[in-house]
>>> print(open('run.cif').read())   # mmCIF, C-alpha atoms
data_start
#
loop_
_atom_site.label_atom_id
_atom_site.label_comp_id
_atom_site.auth_asym_id
_atom_site.auth_seq_id
_atom_site.Cartn_x
_atom_site.Cartn_y
_atom_site.Cartn_z
CA MET J 16 85.81 113.47 84.12
CA MET J 17 85.57 117.00 85.42
CA THR J 18 88.37 118.38 87.54
CA GLU J 19 87.04 119.60 90.87
CA THR J 20 88.06 123.21 91.18
CA ALA J 21 85.70 125.24 93.34
CA PRO J 22 85.60 128.97 92.58
CA VAL J 23 87.76 131.18 94.79
CA ASP J 24 86.83 134.73 93.78
CA ALA J 25 83.66 136.59 94.70
CA ALA J 26 82.64 137.12 91.07
CA ALA J 27 82.63 133.36 90.48
CA HIS J 28 80.45 132.82 93.53
CA GLU J 29 78.04 135.46 92.25
CA ALA J 30 78.00 133.88 88.81
CA PHE J 31 77.27 130.47 90.31
CA SER J 32 74.43 131.97 92.28
CA ALA J 33 73.00 133.86 89.30
CA LEU J 34 73.38 131.11 86.70
CA ALA J 35 73.40 127.73 88.38
CA LEU J 36 71.21 128.25 91.43
CA THR J 37 68.48 129.96 89.44
CA ALA J 38 68.11 126.75 87.41
CA ILE J 39 67.23 124.68 90.49
CA ASP J 40 63.58 124.24 89.47
CA ASP J 41 64.70 122.73 86.15
CA VAL J 42 67.29 120.47 87.82
CA TYR J 43 64.70 119.35 90.36
CA ARG J 44 62.16 118.46 87.66
CA PHE J 45 64.80 116.55 85.71
CA ALA J 46 65.94 114.73 88.86
CA ARG J 47 62.35 113.73 89.59
CA SER J 48 61.97 112.41 86.06
CA LEU J 49 65.13 110.35 86.54
CA THR J 50 64.35 108.94 89.97
CA ARG J 51 60.53 108.91 90.14
CA ASP J 52 61.04 109.28 93.86
CA GLU J 53 60.88 112.53 95.79
CA SER J 54 63.57 111.63 98.32
CA ASP J 55 65.96 110.27 95.70
CA ALA J 56 65.35 113.36 93.56
CA GLU J 57 66.33 115.59 96.48
CA ASP J 58 69.56 113.61 96.93
CA VAL J 59 70.34 113.97 93.24
CA VAL J 60 69.70 117.73 93.32
CA GLN J 61 71.91 118.25 96.38
CA GLU J 62 74.76 116.17 94.99
CA THR J 63 74.41 117.81 91.57
CA TYR J 64 74.83 121.27 93.06
CA LEU J 65 77.78 120.25 95.19
CA ARG J 66 79.55 118.79 92.17
CA ALA J 67 78.59 121.77 90.03
CA PHE J 68 80.01 124.18 92.62
CA ARG J 69 83.24 122.23 92.99
CA SER J 70 83.60 122.12 89.20
CA TRP J 71 82.31 125.61 88.50
CA THR J 72 85.59 126.87 87.06
CA THR J 73 85.26 124.25 84.31
CA PHE J 74 81.91 125.65 83.20
CA GLN J 75 82.32 127.60 80.00
CA THR J 76 80.61 130.97 80.30
CA GLY J 77 78.19 131.53 77.47
CA THR J 78 77.21 127.88 77.14
CA ASP J 79 73.91 126.47 78.37
CA VAL J 80 74.19 126.08 82.14
CA ARG J 81 71.06 123.92 82.27
CA ARG J 82 72.54 121.43 79.81
CA TRP J 83 75.69 121.30 81.98
CA LEU J 84 73.66 120.78 85.16
CA PHE J 85 71.41 118.15 83.54
CA THR J 86 74.51 116.21 82.49
CA ILE J 87 75.89 116.30 86.03
CA ALA J 88 72.50 115.26 87.43
CA ARG J 89 72.29 112.30 85.10
CA ASN J 90 75.82 111.21 86.05
CA VAL J 91 74.99 111.56 89.75
CA PHE J 92 71.86 109.49 89.26
CA LEU J 93 73.60 106.75 87.29
CA ARG J 94 76.43 106.53 89.75
CA SER J 95 74.21 106.46 92.84
CA LYS J 96 71.96 103.80 91.50
CA GLU J 97 74.42 102.01 89.25
CA ARG J 98 71.75 102.31 86.67
CA GLY J 99 74.18 102.42 83.78
CA LYS J 100 74.39 98.65 83.72
CA ARG J 101 70.65 98.30 83.68
CA GLU J 102 69.85 100.58 80.78
CA VAL J 103 67.16 98.82 78.82
CA THR J 104 67.75 97.95 75.22
CA LEU J 105 65.06 99.66 73.27
CA ASP J 106 63.69 98.66 69.96
CA ASP J 107 63.80 102.09 68.43
CA ASP J 108 63.53 100.94 64.85
CA GLY J 109 60.12 100.45 63.46
CA ALA J 110 58.24 102.15 66.27
CA GLU J 111 57.23 105.01 64.07
CA ALA J 112 55.80 102.84 61.32
CA VAL J 113 53.50 101.17 63.84
CA ASP J 114 52.51 104.19 65.85
CA ALA J 115 51.97 106.61 63.04
CA SER J 116 49.12 104.54 61.65
CA GLU J 117 45.99 106.49 60.87
CA ALA J 118 43.89 104.18 63.08
CA HIS J 119 46.13 104.83 66.05
CA ASP J 120 46.13 108.58 65.53
CA ASN J 121 42.36 108.72 65.15
CA TRP J 122 41.87 106.67 68.26
CA VAL J 123 44.24 108.74 70.34
CA ARG J 124 42.95 112.08 69.06
CA LYS J 125 39.30 111.28 69.71
CA GLY J 126 40.08 109.88 73.13
CA LEU J 127 42.40 112.67 74.21
CA ASP J 128 40.37 115.67 73.10
CA PRO J 129 38.25 115.64 76.28
CA ILE J 130 41.24 115.36 78.58
CA LEU J 131 43.16 118.14 76.81
CA ALA J 132 40.30 120.39 77.87
CA SER J 133 40.23 119.03 81.42
CA SER J 134 41.30 121.09 84.43
CA GLU J 135 43.10 117.97 85.70
CA LEU J 136 45.38 117.88 82.68
CA GLY J 137 48.62 118.85 84.46
CA PRO J 138 48.43 116.18 87.19
CA ALA J 139 47.29 113.63 84.60
CA ILE J 140 50.34 114.33 82.43
CA GLU J 141 52.68 114.11 85.43
CA GLN J 142 51.13 110.80 86.42
CA ALA J 143 51.34 109.47 82.87
CA LEU J 144 54.97 110.57 82.62
CA SER J 145 55.80 108.63 85.78
CA GLU J 146 54.35 105.49 84.21
CA ILE J 147 56.34 105.35 80.98
CA PRO J 148 59.79 103.71 80.85
CA ASP J 149 62.77 105.76 82.06
CA ALA J 150 64.47 106.00 78.68
CA PHE J 151 61.42 107.59 77.07
CA ARG J 152 60.48 109.78 80.03
CA THR J 153 63.89 111.46 80.32
CA VAL J 154 63.87 112.41 76.63
CA VAL J 155 60.30 113.77 76.79
CA VAL J 156 61.14 115.80 79.91
CA LEU J 157 64.34 117.23 78.44
CA VAL J 158 62.86 118.18 75.06
CA ASP J 159 59.20 118.91 75.78
CA VAL J 160 59.30 120.26 79.33
CA GLU J 161 62.81 121.73 79.54
CA ASP J 162 62.99 123.00 75.95
CA GLN J 163 66.30 121.31 75.25
CA SER J 164 67.19 120.71 71.59
CA TYR J 165 67.55 117.18 70.24
CA GLU J 166 71.32 117.75 70.20
CA ALA J 167 71.39 118.95 73.82
CA ALA J 168 69.29 116.00 75.00
CA ALA J 169 71.62 113.64 73.14
CA GLU J 170 74.61 115.19 74.90
CA VAL J 171 73.00 115.06 78.34
CA LEU J 172 71.93 111.44 77.94
CA GLY J 173 74.99 110.24 76.02
CA ILE J 174 72.96 108.84 73.12
CA PRO J 175 72.85 109.61 69.38
CA VAL J 176 70.52 112.35 68.12
CA GLY J 177 68.63 109.75 66.07
CA THR J 178 67.90 107.83 69.26
CA VAL J 179 66.59 111.00 70.91
CA ARG J 180 64.26 111.46 67.96
CA SER J 181 62.92 107.90 67.99
CA ARG J 182 62.58 107.77 71.80
CA LEU J 183 60.79 111.11 71.74
CA PHE J 184 58.34 109.84 69.16
CA ARG J 185 57.71 106.62 71.05
CA GLY J 186 57.59 108.39 74.42
CA ARG J 187 54.98 110.89 73.26
CA LYS J 188 52.81 108.10 71.87
CA LEU J 189 53.12 106.10 75.10
CA LEU J 190 52.18 109.22 77.02
CA GLN J 191 49.07 109.62 74.91
CA GLU J 192 48.07 106.03 75.57
CA LYS J 193 48.54 106.49 79.32
CA LEU J 194 46.44 109.66 79.19
CA ILE J 195 43.67 107.76 77.40
CA MET J 196 43.65 105.25 80.25
CA HIS J 197 43.56 108.09 82.76
CA ALA J 198 40.63 109.68 80.88
CA GLN J 199 38.78 106.36 80.95
CA ASP J 200 39.43 105.92 84.67
CA ALA J 201 38.23 109.47 85.31
CA GLY J 202 35.08 108.85 83.29
CA LEU J 203 35.97 111.52 80.75
CA ILE J 204 35.61 109.03 77.91
CA PRO J 205 33.75 105.71 77.84
CA THR J 206 35.70 102.51 78.23
CA SER J 207 33.31 100.58 76.03
CA GLY J 208 33.85 102.58 72.86
CA ASP J 209 37.19 101.08 71.94
CA ALA J 210 36.18 99.56 68.66
CA GLY J 211 38.69 101.64 66.78
CA ARG J 212 41.51 100.97 69.22
CA PRO J 213 44.49 99.29 67.62
CA SER J 214 45.32 95.90 69.04
CA MET G 13 67.89 117.81 61.08
CA MET G 14 66.31 115.09 58.99
CA GLN G 15 68.00 114.52 55.66
CA GLU G 16 65.30 113.75 53.10
CA THR G 17 65.11 114.12 49.37
CA SER G 18 62.93 116.98 48.28
CA GLN G 19 61.47 114.86 45.48
CA GLU G 20 59.57 112.52 47.77
CA MET G 21 55.79 112.73 47.82
CA ILE G 22 54.01 113.42 51.07
CA ASP G 23 50.93 111.32 51.77
CA CYS G 24 48.91 111.14 55.00
CA ARG G 25 50.89 108.24 56.42
CA LYS G 26 54.21 109.95 55.77
CA ALA G 27 52.85 113.24 57.10
CA ALA G 28 51.80 111.54 60.35
CA ALA G 29 55.24 109.95 60.71
CA LYS G 30 56.97 113.32 60.22
CA LEU G 31 54.55 115.51 62.12
CA TYR G 32 56.72 115.72 65.25
CA ASP G 33 59.76 116.56 63.13
CA LEU G 34 57.73 119.41 61.68
CA LEU G 35 56.54 120.68 65.05
CA ASP G 36 60.06 120.35 66.50
CA GLY G 37 61.67 122.20 63.57
CA GLN G 38 63.75 119.21 62.56
CA LEU G 39 63.08 119.21 58.82
CA THR G 40 64.96 120.81 55.97
CA PRO G 41 63.18 123.91 54.60
CA GLU G 42 62.16 122.04 51.44
CA ILE G 43 60.63 119.07 53.22
CA GLU G 44 59.04 121.34 55.80
CA GLN G 45 57.32 123.32 53.05
CA LYS G 46 56.07 120.14 51.36
CA LEU G 47 54.71 118.86 54.65
CA ARG G 48 53.08 122.20 55.47
CA ASP G 49 51.47 122.25 52.02
CA HIS G 50 50.06 118.77 52.60
CA VAL G 51 48.87 119.49 56.14
CA SER G 52 47.16 122.76 55.21
CA GLY G 53 45.29 121.09 52.37
CA CYS G 54 44.32 117.85 54.12
CA PRO G 55 41.52 118.09 56.74
CA HIS G 56 42.62 114.87 58.46
CA CYS G 57 46.28 115.89 58.78
CA PHE G 58 45.35 119.46 59.67
CA THR G 59 43.22 118.21 62.58
CA LEU G 60 45.95 115.80 63.65
CA ALA G 61 48.61 118.52 63.54
CA ASP G 62 46.41 120.84 65.57
CA PHE G 63 45.86 118.11 68.14
CA GLU G 64 49.57 117.26 68.41
CA LYS G 65 50.43 120.92 68.81
CA ARG G 66 47.97 121.20 71.70
CA PHE G 67 49.28 117.96 73.19
CA LEU G 68 52.90 119.21 73.15
CA GLY G 69 51.76 122.53 74.61
CA ALA G 70 50.05 120.64 77.42
CA ILE G 71 53.24 118.72 78.25
CA LYS G 72 55.16 122.00 78.34
CA GLY G 73 52.54 123.33 80.74
CA ILE G 74 53.58 121.01 83.56
CA LYS G 75 56.78 123.04 83.91
CA GLU G 76 54.81 125.58 85.92
CA SER G 77 53.78 123.01 88.51
CA GLY G 78 57.15 121.35 89.11
CA CYS G 79 59.02 123.84 91.25
CA CYS G 80 61.74 122.89 93.69
CA PRO G 81 60.42 122.77 97.28
CA GLU G 82 61.63 125.57 99.56
CA ASN G 83 63.12 123.14 102.09
CA LEU G 84 65.24 121.58 99.34
CA ARG G 85 66.48 125.00 98.22
CA ALA G 86 67.51 125.66 101.80
CA LYS G 87 69.27 122.29 102.08
CA VAL G 88 71.17 122.90 98.83
CA THR G 89 72.27 126.36 99.95
CA GLU G 90 73.32 124.99 103.33
CA SER G 91 75.40 122.17 101.85
CA LEU G 92 76.97 124.58 99.35
CA ARG G 93 77.95 126.96 102.14
CA ALA G 94 79.49 124.05 104.01
CA ALA G 95 81.55 123.43 100.85
CA GLY G 96 82.73 127.05 100.76
CA PHE G 97 80.02 128.82 98.75
CA ARG G 98 79.72 132.47 99.71
CA GLY G 99 76.52 133.33 97.90
#
>>> encode(input="run.cif", output="structure tokens")
Amino acid sequence: MMTETAPVDAAAHEAFSALALTAIDDVYRFARSLTRDESDAEDVVQETYLRAFRSWTTFQTGTDVRRWLFTIARNVFLRSKERGKREVTLDDDGAEAVDASEAHDNWVRKGLDPILASSELGPAIEQALSEIPDAFRTVVVLVDVEDQSYEAAAEVLGIPVGTVRSRLFRGRKLLQEKLIMHAQDAGLIPTSGDAGRPS
Amino acid sequence: MMQETSQEMIDCRKAAAKLYDLLDGQLTPEIEQKLRDHVSGCPHCFTLADFEKRFLGAIKGIKESGCCPENLRAKVTESLRAAGFRG
């Protein structure tokens, strides 16, 4: 647990402003990925910054401030929602063997090519992200959107690096499947040509 | 970083399973080179790798559209000032 020691000198306030506050876009995106609710995300961001400010003297200069803020945000989220007790048990083992099949990859690649060229790609990815399970979404957001390393994501989420790797793999594949459905709904690819789709 | 033996053969199935490790820089130099050799010489895996690279780039692209709303920035600053922040 962090000791709450708000900064007292002007330099510390300036550093908090320059380092922590400039990362608010990243914290906001991560909070949204955690909560999937705009209002809840705003609460998480506000509480995260209050805690970060009160604990600022414990932040080690030179380390990754975003990783530190993401960790606080996750703790705020878990505490507010008591989500820690409801973490799903994921079957990480074996997912890769199933999803890396050539049939699956062919199906996904052919179906996703049109949507990767679509002007609606950004909103489609955001929608697809909101539809995959929390445990996968948070890893994809941390690594793929926020450029955090596997090790940093593991630290933020309190899980082993191997679990980050397997959830990332599974999360990306789930995202691709959601995007295929979006492309079908949008009429970018036919819904009747699923002969090669894995069952 | 993935610990693999450098002696193992890379086929298409193995290449597909390790493609994200390659794109994420998670492989040892030896395994990475073996995988790159396979991918560059295999039309199927080359196409798949190109697709996955574009897919990951597309995910990264949503960062630009997810900015914190101005009213939330203001609320955060206000609550920080109430807590003693002098920024």
>>> closest_residue(input="run.cif", among="J:Asp162, J:Glu29, J:Asp24, J:Ile174", to="Gly99 (chain G)", atoms="only C-alpha atoms")
J:Glu29
>>> atom_distance(input="run.cif", atom1="CA of Gly202 (chain J)", atom2="CA of Ile130 (chain J)")
10.1 Å
>>> residues_near_point(input="run.cif", point="(51.9, 119.8, 65.0)", cutoff="8 Å", atoms="only C-alpha atoms", output="PDB file with C-alpha atoms, in the coordinates of the input")
ATOM      1  CA  LEU G  31      54.550 115.510  62.120  1.00  0.00           C
ATOM      2  CA  TYR G  32      56.720 115.720  65.250  1.00  0.00           C
ATOM      3  CA  LEU G  34      57.730 119.410  61.680  1.00  0.00           C
ATOM      4  CA  LEU G  35      56.540 120.680  65.050  1.00  0.00           C
ATOM      5  CA  LEU G  60      45.950 115.800  63.650  1.00  0.00           C
ATOM      6  CA  ALA G  61      48.610 118.520  63.540  1.00  0.00           C
ATOM      7  CA  ASP G  62      46.410 120.840  65.570  1.00  0.00           C
ATOM      8  CA  PHE G  63      45.860 118.110  68.140  1.00  0.00           C
ATOM      9  CA  GLU G  64      49.570 117.260  68.410  1.00  0.00           C
ATOM     10  CA  LYS G  65      50.430 120.920  68.810  1.00  0.00           C
ATOM     11  CA  ARG G  66      47.970 121.200  71.700  1.00  0.00           C
TER      12      ARG G  66
END
>>> closest_residue(input="run.cif", among="G:Lys72, G:Pro41, G:Arg85, G:Arg93", to="chain J", atoms="all atoms listed in the file")
G:Lys72
>>> resolve_selection(input="run.cif", expression="the PyMOL selection byres ((chain G) within 6 of (chain J))", output="number ranges by chain")
G: 28-29, 72, 74-75, 78-80, 88, 99
>>> atom_distance(input="run.cif", atom1="CA of Ala201 (chain J)", atom2="CA of Phe151 (chain J)")
24.7 Å
>>> axis_aligned_box(input="run.cif", around="region 178-197 of chain J", padding_each_side="6 Å", output="lines of an AutoDock Vina configuration file")
center_x = 55.7
center_y = 108.4
center_z = 75.4
size_x = 36.3
size_y = 18.2
size_z = 26.8
>>> decode(input="run.cif", residues="region 31-94 of chain G", atoms="C-alpha atoms", output="PDB file, in the first residue's frame")
ATOM      1  CA  LEU G  31       3.852 -14.599 -35.170  1.00  0.00           C
ATOM      2  CA  TYR G  32       2.733 -12.219 -32.409  1.00  0.00           C
ATOM      3  CA  ASP G  33       5.870 -13.011 -30.411  1.00  0.00           C
ATOM      4  CA  LEU G  34       7.856 -12.012 -33.487  1.00  0.00           C
ATOM      5  CA  LEU G  35       5.926  -8.793 -34.055  1.00  0.00           C
ATOM      6  CA  ASP G  36       6.125  -7.935 -30.341  1.00  0.00           C
ATOM      7  CA  GLY G  37       9.881  -8.590 -30.164  1.00  0.00           C
ATOM      8  CA  GLN G  38       9.485 -11.392 -27.657  1.00  0.00           C
ATOM      9  CA  LEU G  39      11.730 -14.001 -29.252  1.00  0.00           C
ATOM     10  CA  THR G  40      15.381 -14.782 -28.739  1.00  0.00           C
ATOM     11  CA  PRO G  41      17.559 -13.545 -31.634  1.00  0.00           C
ATOM     12  CA  GLU G  42      18.106 -17.105 -32.863  1.00  0.00           C
ATOM     13  CA  ILE G  43      14.437 -18.055 -32.947  1.00  0.00           C
ATOM     14  CA  GLU G  44      13.523 -14.675 -34.383  1.00  0.00           C
ATOM     15  CA  GLN G  45      15.946 -15.198 -37.260  1.00  0.00           C
ATOM     16  CA  LYS G  46      14.584 -18.691 -37.948  1.00  0.00           C
ATOM     17  CA  LEU G  47      11.046 -17.366 -37.963  1.00  0.00           C
ATOM     18  CA  ARG G  48      11.965 -14.436 -40.203  1.00  0.00           C
ATOM     19  CA  ASP G  49      13.678 -16.834 -42.609  1.00  0.00           C
ATOM     20  CA  HIS G  50      10.546 -18.978 -42.756  1.00  0.00           C
ATOM     21  CA  VAL G  51       8.160 -16.032 -43.127  1.00  0.00           C
ATOM     22  CA  SER G  52      10.190 -14.363 -45.883  1.00  0.00           C
ATOM     23  CA  GLY G  53      10.309 -17.588 -47.880  1.00  0.00           C
ATOM     24  CA  CYS G  54       6.709 -18.725 -47.381  1.00  0.00           C
ATOM     25  CA  PRO G  55       4.014 -16.815 -49.334  1.00  0.00           C
ATOM     26  CA  HIS G  56       1.255 -17.906 -46.938  1.00  0.00           C
ATOM     27  CA  CYS G  57       3.110 -16.864 -43.780  1.00  0.00           C
ATOM     28  CA  PHE G  58       4.403 -13.693 -45.424  1.00  0.00           C
ATOM     29  CA  THR G  59       0.840 -12.634 -46.260  1.00  0.00           C
ATOM     30  CA  LEU G  60      -0.343 -13.552 -42.771  1.00  0.00           C
ATOM     31  CA  ALA G  61       2.493 -11.599 -41.135  1.00  0.00           C
ATOM     32  CA  ASP G  62       1.735  -8.578 -43.292  1.00  0.00           C
ATOM     33  CA  PHE G  63      -1.930  -8.778 -42.333  1.00  0.00           C
ATOM     34  CA  GLU G  64      -1.202  -9.109 -38.603  1.00  0.00           C
ATOM     35  CA  LYS G  65       1.187  -6.172 -38.754  1.00  0.00           C
ATOM     36  CA  ARG G  66      -1.537  -4.033 -40.336  1.00  0.00           C
ATOM     37  CA  PHE G  67      -4.066  -5.293 -37.807  1.00  0.00           C
ATOM     38  CA  LEU G  68      -1.847  -4.333 -34.847  1.00  0.00           C
ATOM     39  CA  GLY G  69      -1.169  -0.950 -36.461  1.00  0.00           C
ATOM     40  CA  ALA G  70      -4.917  -0.412 -36.753  1.00  0.00           C
ATOM     41  CA  ILE G  71      -5.433  -1.138 -33.042  1.00  0.00           C
ATOM     42  CA  LYS G  72      -2.682   1.339 -32.196  1.00  0.00           C
ATOM     43  CA  GLY G  73      -4.468   3.898 -34.357  1.00  0.00           C
ATOM     44  CA  ILE G  74      -7.415   4.204 -31.991  1.00  0.00           C
ATOM     45  CA  LYS G  75      -5.124   5.989 -29.533  1.00  0.00           C
ATOM     46  CA  GLU G  76      -5.631   9.161 -31.548  1.00  0.00           C
ATOM     47  CA  SER G  77      -9.393   9.086 -31.070  1.00  0.00           C
ATOM     48  CA  GLY G  78      -9.537   8.390 -27.333  1.00  0.00           C
ATOM     49  CA  CYS G  79      -8.660  11.717 -25.763  1.00  0.00           C
ATOM     50  CA  CYS G  80      -9.842  12.795 -22.339  1.00  0.00           C
ATOM     51  CA  PRO G  81     -12.838  15.172 -22.575  1.00  0.00           C
ATOM     52  CA  GLU G  82     -12.129  18.794 -21.666  1.00  0.00           C
ATOM     53  CA  ASN G  83     -14.778  18.841 -18.927  1.00  0.00           C
ATOM     54  CA  LEU G  84     -13.095  15.866 -17.246  1.00  0.00           C
ATOM     55  CA  ARG G  85      -9.700  17.581 -17.389  1.00  0.00           C
ATOM     56  CA  ALA G  86     -11.281  20.562 -15.689  1.00  0.00           C
ATOM     57  CA  LYS G  87     -12.910  18.386 -13.017  1.00  0.00           C
ATOM     58  CA  VAL G  88      -9.608  16.615 -12.308  1.00  0.00           C
ATOM     59  CA  THR G  89      -7.743  19.912 -11.994  1.00  0.00           C
ATOM     60  CA  GLU G  90     -10.464  21.299  -9.739  1.00  0.00           C
ATOM     61  CA  SER G  91     -10.441  18.292  -7.403  1.00  0.00           C
ATOM     62  CA  LEU G  92      -6.637  18.336  -7.307  1.00  0.00           C
ATOM     63  CA  ARG G  93      -6.620  22.003  -6.359  1.00  0.00           C
ATOM     64  CA  ALA G  94      -9.109  21.256  -3.610  1.00  0.00           C
TER      65      ALA G  94
END
